[in-house]
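One structure below.
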There are 2 protein chains.
Amino acid sequence: MREAAGWPTLEFWFEFGSTYSYLSVMRIEALAERARVGVVWRPFLLGPVFGAQGLNTSPFVAQEAKGRYMWTDLARQARKHGLPFRQPSVFPRNAVRPMRLAVLGADQPWIGAFCRAVMRQNFVDDLDIGDPAHVRGALAQAVDHPDDWIARANDADNRPLLRAQTEAAQRRGIFGAPTFFAGAEMFWGDDRLDDAMACAAAMR
Amino acid sequence: MREAAGWPTLEFWFEFGSTYSYLSVMRIEALAERARVGVVWRPFLLGPVFGAQGLNTSPFVAQEAKGRYMWTDLARQARKHGLPFRQPSVFPRNAVRPMRLAVLGADQPWIGAFCRAVMRQNFVDDLDIGDPAHVRGALAQAVDHPDDWIARANDADNRPLLRAQTEAAQRRGIFGAPTFFAGAEMFWGDDRLDDAMACAAAMR
């Protein structure tokens, strides 16, 4: 959370394996600063959410035609927003390790930089974001002592945090990522980030 | 098709039962005139397309959380575009009858007015768009002699047109509606109408 005291907030529910979450992770902090809105980072796992819909993988894998289109659309959207993009050779990537760090550090000043570093690994550099060396590499771009945070994330006390947050997502009616909440108002998809931000900003 | 000679064209694939097609049907002609792009109306049935994905109804019915969100989002989008909207009491409505007329009249000057009339019935006035009296009522808003067109649409020679166009949609990789093509470039969803229009306009 980076908001100044008294700023309204926007909840940002996302997944490192999620393609459209890539766009929102890269864009959200700049938009929020301009709108004077604080971002509340809410990482959660898509796997159990899709599982509850009867899917054992991403809908973009389950539905071939939709998946094919998605990569074309994602590349166009990245270009439109001036973001680098390369289609990953593996999709969807298992994101549990970096997600554990994100849920632990969600209120830390480094959360945005860490999340962007993980997303660049997945959607620009085509790296395995589940590899501990890459997780450490992404965290090292954001904090001075990455190993302290990694030890805490792997601690038995902290491991349940990600599952709890994923269950909270399901209770909120979340069915995909990214999802935003301005108060009780829900917005789904990177296409709604601007609307969600405006809605949050209007709550001041 | 309403373009002047030499205007580039945008193919518009849609369904009268489709919620986000409502927004695009209401918006597309004004946007196209401004961009000096011709609209090529391509009605097709979503049922067989969803059927090929293993669904026997709309994904918004099959996935309850997504469906609930969709109605909130659709109402917000309609408000943003200054369009009237009331959630229909029946969803999805069977659209075969008005779709047969749309496929027959796709190149006629009245196609836009007819499609908007049907969509207002479904998403503003909460009327059964499959009822022959309402089909006639919608067509009467667009043409002088609705019964001539209705007779032609019900003719055995013309009935296969809609199925053939639906099969063409599937061969093109269409998985939902609305879908736009600017040349070979595919865009899915009312959210991409502006991008699709700009892409078509750039082809002059």
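Numbering starts fresh at 1 for the residues of each chain in the structure tokens, the chains themselves are lettered A, B, ... in the order given, and ligands are numbered from 1 as they appear.
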
Exercise: Ala169 of chain A partners within 9 Å, only C-alpha atoms, chain neighbours under 2 positions left out, as a ChimeraX atom specification: /A:13,42,44-45,49,164-167,171-175

May I have the selected residues written with C-alpha atoms, as a PDB file, in the first residue's frame?
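Heads up, here's the output in selection24.pdb:
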ATOM      1  CA  TRP A  13      -6.497  -8.803  -6.913  1.00  0.00           C
ATOM      2  CA  ARG A  42      -4.176  -8.629  -3.068  1.00  0.00           C
ATOM      3  CA  PHE A  44      -4.368 -14.786  -4.877  1.00  0.00           C
ATOM      4  CA  LEU A  45      -4.118 -18.098  -6.733  1.00  0.00           C
ATOM      5  CA  VAL A  49     -10.792 -20.299  -8.506  1.00  0.00           C
ATOM      6  CA  ALA A 164      -6.500 -17.798   3.048  1.00  0.00           C
ATOM      7  CA  GLN A 165      -6.345 -14.889   0.610  1.00  0.00           C
ATOM      8  CA  THR A 166      -7.442 -17.172  -2.253  1.00  0.00           C
ATOM      9  CA  GLU A 167     -10.439 -18.297  -0.199  1.00  0.00           C
ATOM     10  CA  ARG A 171     -15.959 -15.379  -1.022  1.00  0.00           C
ATOM     11  CA  ARG A 172     -15.843 -11.948  -2.706  1.00  0.00           C
ATOM     12  CA  GLY A 173     -17.212 -13.443  -5.946  1.00  0.00           C
ATOM     13  CA  ILE A 174     -13.924 -13.164  -7.840  1.00  0.00           C
ATOM     14  CA  PHE A 175     -13.852 -15.460 -10.900  1.00  0.00           C
TER      15      PHE A 175
END

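Near Gln121 of chain B, within 10 Å and counting only C-alpha atoms, sit Phe16, Pro88, Cys115, Arg116, Ala117, Val118, Val124, Asp125, Asp126, Leu127, Asp128, Ile129, His134, Val135, Gly137 and Ala138 of chain B, not including residues fewer than 3 positions from it in the same chain.
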
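Surrounding segment 72-74 of chain A within 8 Å are A:Thr19, A:Tyr20, B:Phe187, with only C-alpha atoms counted and residues fewer than 6 positions along the same chain left out.
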
Can you check which parts of chain A lie within 12 Å of chain B? Per residue, the shortest pair of atoms and distance in Å to one decimal, counting only C-alpha atoms, sorted by chain and number, as a Markdown table.
| residue | atom | partner | partner_atom | distance |
| --- | --- | --- | --- | --- |
| A:Val49 | CA | B:Ala65 | CA | 10.8 |
| A:Phe50 | CA | B:Gln63 | CA | 10.5 |
| A:Ala52 | CA | B:Gln63 | CA | 9.9 |
| A:Gln53 | CA | B:Gln63 | CA | 6.9 |
| A:Gly54 | CA | B:Gln63 | CA | 9.7 |
| A:Leu55 | CA | B:Gln63 | CA | 11.3 |
| A:Pro59 | CA | B:Gln53 | CA | 10.9 |
| A:Phe60 | CA | B:Phe175 | CA | 11.5 |
| A:Ala62 | CA | B:Gln53 | CA | 8.9 |
| A:Gln63 | CA | B:Gln53 | CA | 6.9 |
| A:Glu64 | CA | B:Gln53 | CA | 9.2 |
| A:Ala65 | CA | B:Gly173 | CA | 5.8 |
| A:Lys66 | CA | B:Phe175 | CA | 6.2 |
| A:Gly67 | CA | B:Phe175 | CA | 10.0 |
| A:Arg68 | CA | B:Gly173 | CA | 8.8 |
| A:Tyr69 | CA | B:Met186 | CA | 7.6 |
| A:Met70 | CA | B:Trp188 | CA | 9.3 |
| A:Trp71 | CA | B:Met186 | CA | 11.6 |
| A:Thr72 | CA | B:Met186 | CA | 8.6 |
| A:Asp73 | CA | B:Phe187 | CA | 7.4 |
| A:Leu74 | CA | B:Phe187 | CA | 11.1 |
| A:Arg76 | CA | B:Asp195 | CA | 9.7 |
| A:Gln77 | CA | B:Asp195 | CA | 9.8 |
| A:Lys80 | CA | B:Asp195 | CA | 9.8 |
| A:Ala169 | CA | B:Ala65 | CA | 11.7 |
| A:Gln170 | CA | B:Ala65 | CA | 9.4 |
| A:Arg171 | CA | B:Ala65 | CA | 10.3 |
| A:Arg172 | CA | B:Ala65 | CA | 9.6 |
| A:Gly173 | CA | B:Ala65 | CA | 5.8 |
| A:Ile174 | CA | B:Ala65 | CA | 7.2 |
| A:Phe175 | CA | B:Lys66 | CA | 6.2 |
| A:Gly176 | CA | B:Lys66 | CA | 8.6 |
| A:Ala177 | CA | B:Lys66 | CA | 11.7 |
| A:Thr179 | CA | B:Tyr69 | CA | 11.0 |
| A:Ala184 | CA | B:Thr72 | CA | 11.9 |
| A:Glu185 | CA | B:Thr72 | CA | 9.1 |
| A:Met186 | CA | B:Tyr69 | CA | 7.7 |
| A:Phe187 | CA | B:Asp73 | CA | 7.4 |
| A:Trp188 | CA | B:Tyr69 | CA | 8.3 |
| A:Gly189 | CA | B:Asp191 | CA | 10.7 |
| A:Asp190 | CA | B:Asp191 | CA | 10.8 |
| A:Asp191 | CA | B:Asp191 | CA | 7.3 |
| A:Arg192 | CA | B:Asp191 | CA | 9.4 |
| A:Asp195 | CA | B:Arg76 | CA | 9.7 |
| A:Ala196 | CA | B:Asp73 | CA | 11.2 |
| A:Cys199 | CA | B:Arg76 | CA | 11.3 |

Counting only C-alpha atoms, which residue out of B:Ala106, B:Gly17, B:Ala78, B:Arg120 sits closest to Val90 of chain B? B:Gly17
